[in-house]
Amino acid sequence: MGETEDYGKSFITEDLTAKYKITDIDDSGTTKYFGFTDKDGNWFIMSLTTTEARYIKGTSGYTTSWTGRAGLTYDYFYNAF
């Protein structure tokens, strides 16, 4: 977490993904998938194409979600987090 000055106002910025570590990578197709987990079982998967990155996250069931990653519904970062 850091503090940033903007036009004389101080506000806190937070890295919402800092607690996650890369767990799985699937770069075999046109859409690439990157799976991240934290120590408590929370997770997110990022799907990446040449034009967009989208996210899905959860609090359990990572392995099932990773296995079915191509069929999941992904959204913008600001909606997922």
# chains A, B, ... in the order shown; residues from 1 in each chain; ligands from 1
$ select_by_dssp --residues "chain A" --states "alpha helix (DSSP H)" --output "list in words"
Tyr62, Thr63, Thr64, Ser65, Trp66, Thr67, Phe77, Tyr78, Asn79 and Ala80 of chain A
$ write_last_selection --atoms "C-alpha atoms" --output "PDB file, in the first residue's frame"
ATOM      1  CA  TYR A  62      -9.531 -22.922  -7.857  1.00  0.00           C
ATOM      2  CA  THR A  63      -8.618 -26.293  -9.385  1.00  0.00           C
ATOM      3  CA  THR A  64     -12.117 -26.783 -10.792  1.00  0.00           C
ATOM      4  CA  SER A  65     -12.131 -23.249 -12.155  1.00  0.00           C
ATOM      5  CA  TRP A  66      -8.685 -23.649 -13.688  1.00  0.00           C
ATOM      6  CA  THR A  67      -9.745 -26.882 -15.394  1.00  0.00           C
ATOM      7  CA  PHE A  77     -10.484  -5.772 -13.614  1.00  0.00           C
ATOM      8  CA  TYR A  78     -12.562  -3.045 -11.953  1.00  0.00           C
ATOM      9  CA  ASN A  79     -15.599  -5.351 -11.915  1.00  0.00           C
ATOM     10  CA  ALA A  80     -13.754  -8.490 -10.825  1.00  0.00           C
TER      11      ALA A  80
END
$ closest_residue --among "A:Glu52, A:Lys19, A:Leu72, A:Glu14" --to "Asp38 of chain A" --atoms "only C-alpha atoms"
A:Lys19
$ atom_distance --atom1 "atom CA of Tyr74 of chain A" --atom2 "atom CA of Thr50 of chain A"
15.5 Å
$ closest_residue --among "A:Tyr20, A:Asp75, A:Thr49, A:Trp43" --to "Gly61 of chain A" --atoms "only C-alpha atoms"
A:Trp43
$ select_by_dssp --residues "chain A" --states "strand (DSSP E or B)" --output "PyMOL selection string"
chain A and resi 2-6+9-13+21-26+32-37+43-48+53-58+75
$ atom_distance --atom1 "atom CA of Arg54 of chain A" --atom2 "atom CA of Ile22 of chain A"
15.9 Å
$ atom_distance --atom1 "atom CA of Thr31 of chain A" --atom2 "atom CA of Gly71 of chain A"
12.0 Å
$ residues_around --residues "Gly35 of chain A" --least-positions-apart "4" --cutoff "6 Å" --atoms "only C-alpha atoms" --output "tab-separated table (two decimals) with C-alpha atoms, in the first residue's frame"
chain	number	residue	atom	x	y	z
A	22	ILE	CA	1.27	-17.15	-10.10
A	23	THR	CA	0.14	-20.76	-9.96
A	24	ASP	CA	-0.69	-21.92	-13.50
A	45	ILE	CA	-7.59	-16.14	-13.42
$ residues_around --residues "Ala70 of chain A" --least-positions-apart "6" --cutoff "10 Å" --atoms "only C-alpha atoms" --output "list in words"
Thr31, Lys32, Tyr33 and Ser47 of chain A
$ write_last_selection --atoms "N, CA and C atoms" --output "compact mmCIF listing (two decimals), in the first residue's frame"
# COMPACT_ATOMS: atom_id res chain seq x y z
N THR A 31 -5.97 -17.44 -26.85
CA THR A 31 -6.21 -16.83 -25.54
C THR A 31 -5.27 -17.48 -24.53
N LYS A 32 -4.53 -16.65 -23.83
CA LYS A 32 -3.61 -17.12 -22.79
C LYS A 32 -4.32 -17.00 -21.44
N TYR A 33 -4.03 -17.92 -20.54
CA TYR A 33 -4.63 -17.91 -19.21
C TYR A 33 -3.54 -17.96 -18.16
N SER A 47 -7.53 -13.89 -18.32
CA SER A 47 -7.50 -14.34 -19.71
C SER A 47 -6.96 -13.18 -20.53
$ closest_residue --among "A:Tyr76, A:Lys57, A:Ala18, A:Phe81" --to "Phe34 of chain A" --atoms "only C-alpha atoms"
A:Lys57
